[in-house]
>>> print(open('target-v5.txt').read())   # compact mmCIF, C-alpha atoms
# COMPACT_ATOMS: atom_id res chain seq x y z
CA MET A 1 45.93 216.26 -2.83
CA MET A 2 48.02 218.74 -0.86
CA ASP A 3 47.67 216.72 2.34
CA ASP A 4 48.80 213.65 0.51
CA LEU A 5 51.95 215.37 -0.76
CA THR A 6 52.79 216.80 2.66
CA TRP A 7 52.34 213.36 4.15
CA ILE A 8 54.69 211.79 1.61
CA PHE A 9 57.25 214.54 2.19
CA PHE A 10 57.37 214.22 5.97
CA SER A 11 57.15 210.46 5.89
CA ALA A 12 60.23 210.27 3.66
CA MET A 13 62.05 212.94 5.65
CA VAL A 14 61.69 211.84 9.27
CA VAL A 15 59.50 208.78 9.80
CA ASN A 16 61.18 206.62 7.17
CA ASN A 17 64.41 208.57 7.02
CA PHE A 18 66.46 207.03 4.21
CA THR A 19 69.73 206.90 6.10
CA LEU A 20 68.76 206.23 9.69
CA MET A 21 65.73 204.00 9.21
CA LEU A 22 66.18 202.35 5.81
CA PHE A 23 69.99 202.22 5.63
CA LEU A 24 70.16 203.80 2.19
CA GLY A 25 73.04 206.08 1.31
CA LEU A 26 75.22 205.00 4.20
CA CYS A 27 78.45 205.52 2.27
CA PRO A 28 78.30 209.34 2.16
CA PHE A 29 76.78 209.26 5.63
CA LEU A 30 79.88 207.58 7.04
CA GLY A 31 82.35 209.06 4.58
CA VAL A 32 81.68 212.76 4.14
CA SER A 33 80.12 213.62 7.47
CA ALA A 34 83.21 214.96 9.20
CA ARG A 35 82.41 218.67 8.61
CA VAL A 36 79.03 220.42 8.59
CA GLU A 37 79.85 222.44 5.49
CA THR A 38 80.78 219.40 3.41
CA ALA A 39 77.72 217.60 4.71
CA LEU A 40 75.49 220.45 3.54
CA ARG A 41 76.97 220.38 0.05
CA MET A 42 76.63 216.65 -0.17
CA GLY A 43 73.01 217.02 0.93
CA ALA A 44 72.37 219.66 -1.72
CA ALA A 45 73.87 217.48 -4.44
CA ASN A 46 71.71 214.61 -3.25
CA ILE A 47 68.47 216.60 -3.28
CA PHE A 48 69.30 217.77 -6.78
CA VAL A 49 69.99 214.31 -8.21
CA LEU A 50 67.11 212.69 -6.32
CA THR A 51 64.62 215.17 -7.76
CA LEU A 52 65.90 214.67 -11.30
CA THR A 53 65.83 210.91 -10.80
CA ALA A 54 62.22 211.04 -9.65
CA VAL A 55 61.25 212.83 -12.85
CA CYS A 56 63.19 210.39 -15.05
CA VAL A 57 61.83 207.35 -13.25
CA TRP A 58 58.27 208.61 -13.63
CA THR A 59 58.88 209.10 -17.36
CA LEU A 60 60.40 205.64 -17.70
CA ASN A 61 57.62 203.98 -15.74
CA THR A 62 54.87 205.74 -17.63
CA PHE A 63 56.12 205.51 -21.18
CA VAL A 64 58.72 202.74 -21.46
CA LEU A 65 58.62 200.11 -18.77
CA VAL A 66 54.94 199.28 -19.23
CA TYR A 67 56.08 197.42 -22.34
CA ALA A 68 59.13 195.70 -20.84
CA PRO A 69 58.89 195.41 -17.06
CA TYR A 70 61.78 192.94 -16.81
CA LEU A 71 64.18 195.69 -17.97
CA ARG A 72 63.33 197.76 -14.88
CA LEU A 73 66.63 197.52 -13.00
CA ILE A 74 68.84 197.76 -16.06
CA ALA A 75 66.93 200.78 -17.36
CA PHE A 76 67.07 202.54 -13.97
CA ILE A 77 70.79 202.13 -13.48
CA ILE A 78 71.63 203.24 -17.02
CA VAL A 79 69.37 206.27 -16.79
CA ILE A 80 70.73 207.30 -13.41
CA ALA A 81 74.35 206.92 -14.48
CA SER A 82 73.90 208.89 -17.69
CA LEU A 83 71.72 211.48 -15.96
CA VAL A 84 74.45 212.30 -13.46
CA GLN A 85 77.01 212.45 -16.25
CA ILE A 86 74.86 214.89 -18.25
CA VAL A 87 74.07 217.01 -15.21
CA GLU A 88 77.75 217.24 -14.42
CA THR A 89 78.61 218.42 -17.92
CA VAL A 90 75.75 220.92 -18.02
CA ILE A 91 76.51 222.43 -14.64
CA LYS A 92 80.19 222.66 -15.47
CA LYS A 93 79.31 224.70 -18.56
CA LEU A 94 76.52 226.85 -17.11
CA SER A 95 77.62 227.50 -13.57
CA PRO A 96 81.27 226.84 -12.74
CA VAL A 97 80.67 228.14 -9.21
CA LEU A 98 77.99 225.56 -8.48
CA PHE A 99 80.16 222.92 -10.13
CA ARG A 100 83.04 223.73 -7.81
CA GLN A 101 80.73 223.59 -4.82
CA LEU A 102 79.19 220.25 -5.68
CA GLY A 103 82.54 219.10 -7.01
CA ILE A 104 83.42 215.49 -6.34
CA PHE A 105 80.01 214.80 -4.82
CA LEU A 106 78.16 214.59 -8.12
CA PRO A 107 79.97 211.51 -9.48
CA LEU A 108 80.08 210.12 -5.95
CA ILE A 109 76.34 209.83 -5.74
CA THR A 110 75.78 208.18 -9.13
CA THR A 111 75.98 204.80 -7.55
CA ASN A 112 74.75 205.80 -4.13
CA CYS A 113 72.10 203.30 -3.16
CA ALA A 114 69.73 206.06 -2.05
CA ILE A 115 69.19 207.07 -5.68
CA LEU A 116 68.39 203.60 -6.98
CA GLY A 117 66.46 202.94 -3.76
CA LEU A 118 64.29 205.98 -4.46
CA ALA A 119 63.61 204.75 -7.98
CA ILE A 120 62.55 201.34 -6.70
CA PHE A 121 60.37 202.65 -3.87
CA GLN A 122 58.70 205.09 -6.21
CA THR A 123 57.90 202.29 -8.64
CA ASN A 124 56.71 199.82 -6.00
CA ARG A 125 54.39 202.36 -4.43
CA GLY A 126 53.09 203.54 -7.78
CA TYR A 127 53.63 207.24 -7.13
CA GLY A 128 52.42 209.73 -9.72
CA PHE A 129 54.45 212.70 -10.95
CA PHE A 130 53.88 215.12 -8.06
CA GLN A 131 53.90 212.39 -5.45
CA GLY A 132 57.27 211.23 -6.79
CA LEU A 133 58.57 214.77 -6.63
CA ALA A 134 57.42 215.20 -3.02
CA PHE A 135 58.94 211.84 -2.15
CA ALA A 136 62.29 212.78 -3.70
CA LEU A 137 62.37 216.17 -1.96
CA GLY A 138 61.49 214.55 1.36
CA ALA A 139 64.09 211.84 0.94
CA GLY A 140 66.72 214.43 0.01
CA ALA A 141 65.81 216.63 2.95
CA GLY A 142 65.99 213.57 5.21
CA LEU A 143 69.44 212.63 3.93
CA THR A 144 70.64 216.18 4.41
CA LEU A 145 69.19 216.30 7.91
CA ALA A 146 70.92 213.06 8.87
CA LEU A 147 74.23 214.17 7.33
CA VAL A 148 74.19 217.54 9.07
CA LEU A 149 73.22 216.06 12.45
CA MET A 150 75.98 213.50 12.13
CA ALA A 151 78.55 216.10 11.07
CA SER A 152 77.69 218.41 13.97
CA ILE A 153 78.03 215.56 16.45
CA ARG A 154 81.32 214.46 14.92
CA GLU A 155 82.71 217.98 15.08
CA SER A 156 82.04 218.00 18.83
CA VAL A 157 83.30 214.48 19.37
CA ASP A 158 86.59 215.44 17.71
CA LEU A 159 87.31 217.63 20.73
CA GLY A 160 86.44 214.90 23.19
CA ASP A 161 88.68 212.29 24.72
CA VAL A 162 87.82 209.12 22.82
CA PRO A 163 89.75 205.89 23.50
CA GLU A 164 92.06 205.24 20.58
CA VAL A 165 90.62 201.85 19.76
CA ALA A 166 87.13 203.31 19.28
CA ARG A 167 88.13 206.08 16.86
CA GLY A 168 87.02 205.82 13.29
CA THR A 169 84.11 203.89 11.89
CA ALA A 170 83.10 202.13 15.10
CA LEU A 171 82.50 205.44 16.85
CA VAL A 172 80.59 206.83 13.86
CA LEU A 173 78.38 203.74 13.88
CA VAL A 174 77.62 204.14 17.59
CA ILE A 175 76.62 207.76 16.95
CA ALA A 176 74.51 206.64 13.99
CA GLY A 177 72.81 204.07 16.17
CA SER A 178 71.96 206.69 18.78
CA LEU A 179 70.60 209.02 16.10
CA SER A 180 68.58 206.15 14.70
CA LEU A 181 67.18 205.49 18.19
CA ALA A 182 66.14 209.13 18.41
CA PHE A 183 64.48 208.99 15.00
CA MET A 184 62.48 205.94 16.08
CA GLY A 185 60.57 208.40 18.20
CA PHE A 186 58.96 209.64 15.00
CA ALA A 187 57.44 206.24 14.26
CA GLY A 188 53.70 206.52 14.62
CA LEU A 189 53.80 210.27 14.12
CA LEU A 190 51.81 209.72 10.97
CA SER A 191 49.22 207.11 11.71
CA SER A 192 49.21 205.31 8.38
CA ALA A 193 53.01 205.26 8.07
CA MET B 1 93.02 216.38 -16.87
CA LYS B 2 90.53 215.09 -14.40
CA LYS B 3 91.76 212.67 -11.82
CA GLU B 4 90.34 209.29 -12.61
CA ILE B 5 88.09 207.89 -9.94
CA THR B 6 87.87 204.19 -9.39
CA PRO B 7 84.41 202.76 -8.83
CA ALA B 8 85.31 201.63 -5.35
CA GLU B 9 86.05 205.25 -4.52
CA LEU B 10 82.85 206.30 -6.20
CA HIS B 11 80.95 204.18 -3.75
CA CYS B 12 82.57 204.00 -0.44
CA GLY B 13 86.18 205.03 -0.90
CA ALA B 14 85.46 208.11 1.14
CA HIS B 15 85.56 206.27 4.42
CA GLY B 16 89.11 205.23 4.42
CA ALA B 17 89.10 201.66 3.25
CA ALA B 18 91.08 201.72 0.05
CA PRO B 19 90.05 199.15 -2.52
CA VAL B 20 92.31 196.18 -2.22
CA GLY B 21 94.10 196.07 -5.52
CA LEU B 22 97.08 194.07 -6.55
CA ARG B 23 99.86 195.05 -4.28
CA ARG B 24 101.87 191.98 -5.05
CA VAL B 25 101.63 188.68 -6.81
CA THR B 26 99.29 186.31 -5.02
CA THR B 27 98.85 182.57 -5.18
CA PRO B 28 95.49 181.05 -6.16
CA GLY B 29 95.02 179.85 -2.56
CA GLU B 30 95.44 183.40 -1.28
CA ASP B 31 92.97 184.66 -3.89
CA LEU B 32 90.41 182.32 -2.42
CA LEU B 33 91.11 182.76 1.25
CA ARG B 34 91.88 186.44 1.74
CA GLY B 35 88.29 187.54 1.14
CA ILE B 36 87.03 185.23 3.87
CA TRP B 37 88.81 186.87 6.75
CA ARG B 38 92.02 188.89 6.30
CA GLU B 39 90.53 191.22 3.69
CA ASN B 40 86.90 190.56 4.55
CA PRO B 41 84.86 192.97 2.39
CA VAL B 42 82.57 194.06 5.21
CA LEU B 43 84.51 193.77 8.44
CA VAL B 44 87.90 194.92 7.15
CA GLN B 45 87.29 196.87 3.93
CA LEU B 46 83.99 198.37 5.15
CA LEU B 47 82.30 197.89 1.78
CA GLY B 48 78.67 196.98 1.21
CA LEU B 49 77.48 198.31 4.54
CA CYS B 50 73.94 199.19 3.43
CA PRO B 51 72.74 195.58 2.96
CA THR B 52 74.85 194.44 5.91
CA LEU B 53 72.88 196.68 8.22
CA ALA B 54 69.52 196.56 6.52
CA VAL B 55 68.71 192.88 6.03
CA THR B 56 70.44 191.21 8.98
CA ASN B 57 67.53 191.28 11.42
CA SER B 58 67.13 187.53 11.01
CA VAL B 59 69.44 184.66 10.08
CA ALA B 60 67.21 183.49 7.22
CA ASN B 61 67.24 186.95 5.59
CA SER B 62 71.02 187.13 5.98
CA ILE B 63 71.54 183.75 4.32
CA VAL B 64 69.31 184.55 1.36
CA MET B 65 70.86 187.99 0.86
CA GLY B 66 74.37 186.57 1.21
CA LEU B 67 73.69 183.82 -1.32
CA ALA B 68 72.10 186.23 -3.80
CA THR B 69 75.11 188.55 -3.59
CA PHE B 70 77.44 185.54 -3.86
CA PHE B 71 75.69 184.45 -7.05
CA VAL B 72 75.82 187.92 -8.61
CA LEU B 73 79.49 188.39 -7.70
CA LEU B 74 80.46 184.97 -9.05
CA GLY B 75 78.54 185.43 -12.28
CA SER B 76 79.79 188.96 -12.92
CA SER B 77 83.41 188.12 -12.11
CA PHE B 78 83.29 185.16 -14.46
CA LEU B 79 81.73 187.12 -17.31
CA VAL B 80 83.86 190.25 -16.84
CA SER B 81 87.02 188.20 -16.79
CA THR B 82 85.90 186.30 -19.88
CA VAL B 83 85.09 189.34 -21.99
CA LYS B 84 87.77 191.68 -20.63
CA ARG B 85 89.68 191.72 -23.90
CA PHE B 86 86.70 193.06 -25.86
CA VAL B 87 85.73 195.88 -23.49
CA PRO B 88 87.14 199.31 -24.37
CA ASN B 89 88.66 201.04 -21.38
CA ALA B 90 86.46 204.13 -21.60
CA ILE B 91 83.17 202.28 -21.20
CA ARG B 92 84.37 199.50 -18.91
CA ILE B 93 82.47 200.66 -15.84
CA SER B 94 79.17 200.96 -17.68
CA THR B 95 79.78 197.49 -19.08
CA TYR B 96 80.39 196.06 -15.61
CA VAL B 97 77.26 197.74 -14.29
CA LEU B 98 75.20 196.30 -17.14
CA ILE B 99 76.55 192.80 -16.52
CA ILE B 100 75.88 193.12 -12.80
CA ALA B 101 72.37 194.47 -13.39
CA THR B 102 71.60 191.49 -15.61
CA PHE B 103 72.65 188.99 -12.96
CA VAL B 104 70.72 190.90 -10.30
CA THR B 105 67.59 190.74 -12.43
CA VAL B 106 68.03 186.97 -12.67
CA ALA B 107 68.58 186.70 -8.91
CA GLU B 108 65.52 188.83 -8.25
CA PHE B 109 63.20 186.64 -10.32
CA VAL B 110 64.65 183.44 -8.83
CA LEU B 111 64.16 184.65 -5.25
CA GLN B 112 60.67 185.86 -6.06
CA ALA B 113 59.81 182.37 -7.28
CA LEU B 114 61.59 180.28 -4.63
CA VAL B 115 61.30 182.23 -1.37
CA PRO B 116 58.54 184.83 -1.84
CA ASP B 117 58.25 185.60 1.90
CA ILE B 118 61.91 186.40 2.35
CA TYR B 119 61.95 188.25 -0.96
CA LYS B 120 59.24 190.50 0.42
CA ALA B 121 61.14 190.99 3.69
CA LEU B 122 64.32 191.98 1.86
CA GLY B 123 62.37 194.71 0.06
CA PRO B 124 64.41 196.84 -2.31
CA PHE B 125 67.70 195.41 -1.13
CA VAL B 126 67.78 192.58 -3.65
CA ALA B 127 67.65 195.10 -6.47
CA LEU B 128 70.19 197.24 -4.64
CA ILE B 129 72.81 194.49 -5.03
CA ILE B 130 73.59 196.38 -8.26
CA VAL B 131 75.10 199.25 -6.32
CA ASN B 132 76.87 197.05 -3.79
CA CYS B 133 80.41 198.36 -3.87
CA ILE B 134 81.93 194.95 -3.19
CA ILE B 135 80.84 193.67 -6.58
CA LEU B 136 81.85 196.62 -8.74
CA GLY B 137 85.05 196.98 -6.71
CA ARG B 138 86.08 193.36 -7.40
CA GLN B 139 85.39 193.75 -11.12
CA GLU B 140 87.57 196.84 -11.35
CA ALA B 141 90.33 195.71 -9.01
CA PHE B 142 90.55 192.05 -9.89
CA ALA B 143 88.31 190.33 -12.44
CA SER B 144 89.11 192.79 -15.24
CA ARG B 145 92.84 192.04 -15.03
CA GLN B 146 93.05 188.37 -14.13
CA PRO B 147 92.45 185.05 -15.86
CA VAL B 148 89.01 183.51 -15.46
CA GLY B 149 90.04 180.88 -12.91
CA ARG B 150 91.60 183.37 -10.51
CA ALA B 151 88.67 185.77 -10.92
CA VAL B 152 86.28 182.99 -9.95
CA LEU B 153 88.39 182.02 -6.93
CA ASP B 154 88.49 185.64 -5.83
CA ALA B 155 84.73 185.97 -6.26
CA VAL B 156 84.13 182.84 -4.18
CA GLY B 157 86.38 184.20 -1.43
CA MET B 158 84.87 187.68 -1.36
CA GLY B 159 81.31 186.38 -1.69
CA GLY B 160 82.00 183.90 1.09
CA GLY B 161 83.43 186.66 3.27
CA PHE B 162 80.31 188.76 2.71
CA LEU B 163 78.08 185.79 3.54
CA ILE B 164 80.05 185.15 6.75
CA ALA B 165 79.81 188.78 7.82
CA LEU B 166 76.05 188.81 7.16
CA LEU B 167 75.60 185.55 9.09
CA LEU B 168 77.55 186.92 12.04
CA MET B 169 75.40 190.05 12.13
CA GLY B 170 72.20 188.10 11.55
CA ALA B 171 72.98 185.55 14.27
CA ILE B 172 73.81 188.20 16.88
CA ARG B 173 70.76 190.28 16.06
CA GLU B 174 68.26 187.44 15.85
CA VAL B 175 69.47 185.64 19.00
CA LEU B 176 69.42 188.80 21.11
CA GLY B 177 66.51 190.52 19.41
CA SER B 178 64.00 187.69 19.15
CA GLY B 179 65.61 184.93 21.24
CA THR B 180 65.54 182.57 18.25
CA PHE B 181 67.97 181.15 15.72
CA LEU B 182 66.54 180.46 12.26
CA GLY B 183 63.12 180.65 13.91
CA VAL B 184 63.94 178.02 16.58
CA ASP B 185 63.27 179.25 20.11
CA LEU B 186 66.47 179.24 22.16
CA PHE B 187 65.76 180.58 25.62
CA GLY B 188 62.18 179.55 26.42
CA PRO B 189 59.24 181.76 27.30
CA ARG B 190 60.93 183.64 30.16
CA PHE B 191 63.43 185.36 27.90
CA GLU B 192 62.65 189.01 27.32
CA PRO B 193 63.89 189.79 23.78
CA TRP B 194 65.98 192.93 23.22
CA VAL B 195 63.60 194.24 20.59
CA ILE B 196 65.96 197.08 19.75
CA MET B 197 68.42 194.63 18.18
CA VAL B 198 66.09 193.74 15.31
CA LEU B 199 65.18 197.41 14.75
CA PRO B 200 67.42 199.79 12.75
CA PRO B 201 69.49 201.10 15.71
CA GLY B 202 70.43 197.53 16.61
CA GLY B 203 72.08 197.12 13.21
CA PHE B 204 74.30 200.14 13.79
CA PHE B 205 75.20 199.03 17.30
CA THR B 206 75.96 195.42 16.35
CA LEU B 207 78.30 196.42 13.53
CA ALA B 208 79.93 199.03 15.76
CA PHE B 209 80.71 196.41 18.40
CA LEU B 210 82.02 193.94 15.82
CA LEU B 211 84.35 196.60 14.42
CA LEU B 212 85.41 197.57 17.94
CA ALA B 213 86.27 193.96 18.73
CA ILE B 214 88.32 193.68 15.55
CA ALA B 215 90.17 196.95 16.22
CA TRP B 216 90.86 195.77 19.76
CA ARG B 217 92.29 192.48 18.58
CA LYS B 218 94.41 194.22 15.95
CA ARG B 219 95.83 196.57 18.55
CA ALA B 220 96.66 193.71 20.90
CA ARG B 221 98.46 191.98 18.04
CA VAL B 222 100.45 195.06 17.10
CA ALA B 223 101.47 195.41 20.74
CA GLN B 224 102.60 191.79 20.82
CA ALA B 225 104.41 191.88 17.50
CA PRO B 226 107.72 193.51 18.66
CA ALA B 227 108.04 190.97 21.46
CA ARG B 228 107.47 188.11 19.05
CA GLU B 229 110.02 189.54 16.61
CA ARG B 230 112.60 189.81 19.36
CA SER B 231 112.12 186.21 20.42
CA ALA B 232 112.24 185.10 16.77
CA GLY B 233 115.51 187.01 16.38
CA VAL B 234 116.97 185.33 19.46
CA ALA B 235 115.94 181.93 18.13
CA ALA B 236 117.56 182.69 14.78
CA GLU B 237 120.80 183.71 16.51
CA ARG B 238 120.81 180.53 18.52
CA ALA B 239 120.23 178.45 15.40
CA ALA B 240 123.13 180.20 13.72
>>> encode(input="target-v5.txt", output="structure tokens")
Amino acid sequence: MMDDLTWIFFSAMVVNNFTLMLFLGLCPFLGVSARVETALRMGAANIFVLTLTAVCVWTLNTFVLVYAPYLRLIAFIIVIASLVQIVETVIKKLSPVLFRQLGIFLPLITTNCAILGLAIFQTNRGYGFFQGLAFALGAGAGLTLALVLMASIRESVDLGDVPEVARGTALVLVIAGSLSLAFMGFAGLLSSA
Amino acid sequence: MKKEITPAELHCGAHGAAPVGLRRVTTPGEDLLRGIWRENPVLVQLLGLCPTLAVTNSVANSIVMGLATFFVLLGSSFLVSTVKRFVPNAIRISTYVLIIATFVTVAEFVLQALVPDIYKALGPFVALIIVNCIILGRQEAFASRQPVGRAVLDAVGMGGGFLIALLLMGAIREVLGSGTFLGVDLFGPRFEPWVIMVLPPGGFFTLAFLLLAIAWRKRARVAQAPARERSAGVAAERAA
């Protein structure tokens, strides 16, 4: 049981990293990766929402969608959107400090494809409650890892002498490609991945 | 008062490409054509990058994904533009998302029935058309404010632009990465395929080089523009 969960966690974090291997959640990866601090906050917000989503999706799959499987996508997107809205309101009330820190990132990730992607993967692989939780934590940790790596590289590149035509998204994509190459080294780390 | 966030910003607005709204009055022809190249959703506006990178490892996948997105965009734009008068402003985004999700569900079942192999290869990305920023962005910026005909033209243009961008990526990656085009062998047995191009890093690199090429061309044009203006001015003087 424990081995299984660890395997799911590390598989989602490095071997099948959401951003660098599966291309999920690229928007924040390209958009808010200019500073390490912002990247960390974005990562935290992502872990938070991913974990909550995993719980909701498990509930939906177990109690609702068995009766109406064709409503899967519609149910997921509604639940995710309202979940983020509720979380935002609750955090704003309970912990204004945390709210200020997560700030704009909470609504930003409502429609982030990583969240819906997680819901779909979790369903397709038939994860149970704890497996889903481990998967969400791993995916969140993976996203955060990718964001922080990217932000640290970009902070250094800012000081470098980059040709003007290559500045902006093209350069970020080249860095992302190199990171992705590096992460390919993890393939085969877990034999049944 | 909280600053209102447009859905395009919610998705991808963070990386610089502002949603193309209505800066000025456009003609129907422009509605149709601008999405194809000048305001191409992927290559110029940098929207919808996740599917662009994820499913373009072969031309067949790119075509199917492009067509599915095209269908969803066309259907949603048509419906949103038709019902725009009955949708209260406060819940408009949820309404758009519901409409989009419905069309995506249809597309998913159709693909599953017609091309099961490709459907399997596309994995979760068919379902993820729901959160493709191009579609929600067009509903908010265009279809919800324009008559049905123009909304449909716009959807055809933007959907076509997305399809073209996917095809471009898919062709480059498949030809270099497997030495084939639509499964047809191009270079014979002595070609050593660049396997990296069909793997995830290849997606990042291909798009990076496409964007570089576009930035390069734009810069060359900007550099030429003053010279062209001068010569145009001279010609105008002569005509006068």
>>> atom_distance(input="target-v5.txt", atom1="atom CA of B:Leu199", atom2="atom CA of B:Ala107")
26.2 Å
>>> residues_around(input="target-v5.txt", residues="A:Leu189", least_positions_apart="3", cutoff="12 Å", atoms="only C-alpha atoms", output="list in words")
Trp7, Phe10, Ser11, Val14, Val15, Asn16, Phe183, Met184, Gly185, Phe186, Ser192 and Ala193 of chain A
>>> write_last_selection(input="target-v5.txt", atoms="C-alpha atoms", output="tab-separated table (two decimals), keeping the file's coordinate frame")
chain	number	residue	atom	x	y	z
A	7	TRP	CA	52.34	213.36	4.15
A	10	PHE	CA	57.37	214.22	5.97
A	11	SER	CA	57.15	210.46	5.89
A	14	VAL	CA	61.69	211.84	9.27
A	15	VAL	CA	59.50	208.78	9.80
A	16	ASN	CA	61.18	206.62	7.17
A	183	PHE	CA	64.48	208.99	15.00
A	184	MET	CA	62.48	205.94	16.08
A	185	GLY	CA	60.57	208.40	18.20
A	186	PHE	CA	58.96	209.64	15.00
A	192	SER	CA	49.21	205.31	8.38
A	193	ALA	CA	53.01	205.26	8.07
>>> residues_around(input="target-v5.txt", residues="A:Glu164", least_positions_apart="4", cutoff="10 Å", atoms="only C-alpha atoms", output="VMD selection string")
(chain A and resid 168) or (chain B and resid 215 to 216 219)
>>> residues_around(input="target-v5.txt", residues="B:Cys50", least_positions_apart="2", cutoff="9 Å", atoms="all atoms listed in the file", output="number ranges by chain")
A: 22-27, 113; B: 47-48, 52-55, 125, 132
>>> closest_atom_pairs(input="target-v5.txt", of="chain B", to="chain A", cutoff="7 Å", atoms="all atoms listed in the file", output="CSV")
residue,atom,partner,partner_atom,distance
B:Leu10,CA,A:Leu108,CA,4.7
B:His11,CA,A:Thr111,CA,6.3
B:Cys12,CA,A:Cys27,CA,5.2
B:Ala14,CA,A:Gly31,CA,4.7
B:His15,CA,A:Gly31,CA,4.3
B:Cys50,CA,A:Phe23,CA,5.4
B:Leu53,CA,A:Phe23,CA,6.8
B:Ala54,CA,A:Phe23,CA,5.7
B:Leu98,CA,A:Ile74,CA,6.6
B:Ala101,CA,A:Ile74,CA,5.5
B:Thr102,CA,A:Ile74,CA,6.9
B:Thr105,CA,A:Leu73,CA,6.9
B:Pro124,CA,A:Ile120,CA,6.6
B:Leu128,CA,A:Cys113,CA,6.5
B:Val131,CA,A:Thr111,CA,5.8
B:Pro200,CA,A:Met21,CA,5.8
B:Pro201,CA,A:Gly177,CA,4.5
B:Gly202,CA,A:Gly177,CA,7.0
B:Phe204,CA,A:Gly177,CA,4.8
B:Phe205,CA,A:Val174,CA,5.7
B:Ala208,CA,A:Ala170,CA,4.5
B:Leu211,CA,A:Ala170,CA,5.7
B:Leu212,CA,A:Ala170,CA,5.8
B:Ala215,CA,A:Val165,CA,6.1
B:Trp216,CA,A:Val165,CA,6.1
>>> atom_distance(input="target-v5.txt", atom1="atom CA of B:Asn89", atom2="atom CA of B:Ile135")
18.3 Å
>>> closest_residue(input="target-v5.txt", among="A:Asn61, A:Arg35, A:Val49, A:Ala139", to="A:Ile153", atoms="only C-alpha atoms")
A:Arg35
>>> atom_distance(input="target-v5.txt", atom1="atom CA of B:Gly188", atom2="atom CA of B:Glu174")
14.5 Å
>>> axis_aligned_box(input="target-v5.txt", around="stretch 154-172 of chain B", padding_each_side="4 Å", output="lines of an AutoDock Vina configuration file")
center_x = 80.3
center_y = 186.4
center_z = 5.3
size_x = 24.3
size_y = 15.2
size_z = 31.1
>>> closest_residue(input="target-v5.txt", among="B:Leu33, B:Val42, B:Val184, B:Val97", to="B:Leu167", atoms="all atoms listed in the file")
B:Val42
>>> residues_near_point(input="target-v5.txt", point="(81.2, 191.7, -22.5)", cutoff="7 Å", atoms="all atoms listed in the file", output="PyMOL selection string")
chain B and resi 79-80+83-84+86-87+95
>>> residues_around(input="target-v5.txt", residues="A:Ala44", least_positions_apart="3", cutoff="8 Å", atoms="all atoms listed in the file", output="list of chain:residue names")
A:Leu40, A:Arg41, A:Ile47, A:Phe48, A:Leu102, A:Gly140, A:Thr144
>>> residues_around(input="target-v5.txt", residues="A:Tyr127", least_positions_apart="4", cutoff="12 Å", atoms="all atoms listed in the file", output="NGL selection string")
:A and (4-5 or 8 or 54-55 or 57-59 or 61-62 or 118-123 or 131-136)
>>> residues_near_point(input="target-v5.txt", point="(61.4, 192.3, 29.1)", cutoff="12 Å", atoms="all atoms listed in the file", output="ChimeraX atom specification")
/B:176-179,189-196
>>> write_last_selection(input="target-v5.txt", atoms="C-alpha atoms", output="PDB file, keeping the file's coordinate frame")
ATOM      1  CA  LEU B 176      69.420 188.800  21.110  1.00  0.00           C
ATOM      2  CA  GLY B 177      66.510 190.520  19.410  1.00  0.00           C
ATOM      3  CA  SER B 178      64.000 187.690  19.150  1.00  0.00           C
ATOM      4  CA  GLY B 179      65.610 184.930  21.240  1.00  0.00           C
ATOM      5  CA  PRO B 189      59.240 181.760  27.300  1.00  0.00           C
ATOM      6  CA  ARG B 190      60.930 183.640  30.160  1.00  0.00           C
ATOM      7  CA  PHE B 191      63.430 185.360  27.900  1.00  0.00           C
ATOM      8  CA  GLU B 192      62.650 189.010  27.320  1.00  0.00           C
ATOM      9  CA  PRO B 193      63.890 189.790  23.780  1.00  0.00           C
ATOM     10  CA  TRP B 194      65.980 192.930  23.220  1.00  0.00           C
ATOM     11  CA  VAL B 195      63.600 194.240  20.590  1.00  0.00           C
ATOM     12  CA  ILE B 196      65.960 197.080  19.750  1.00  0.00           C
TER      13      ILE B 196
END
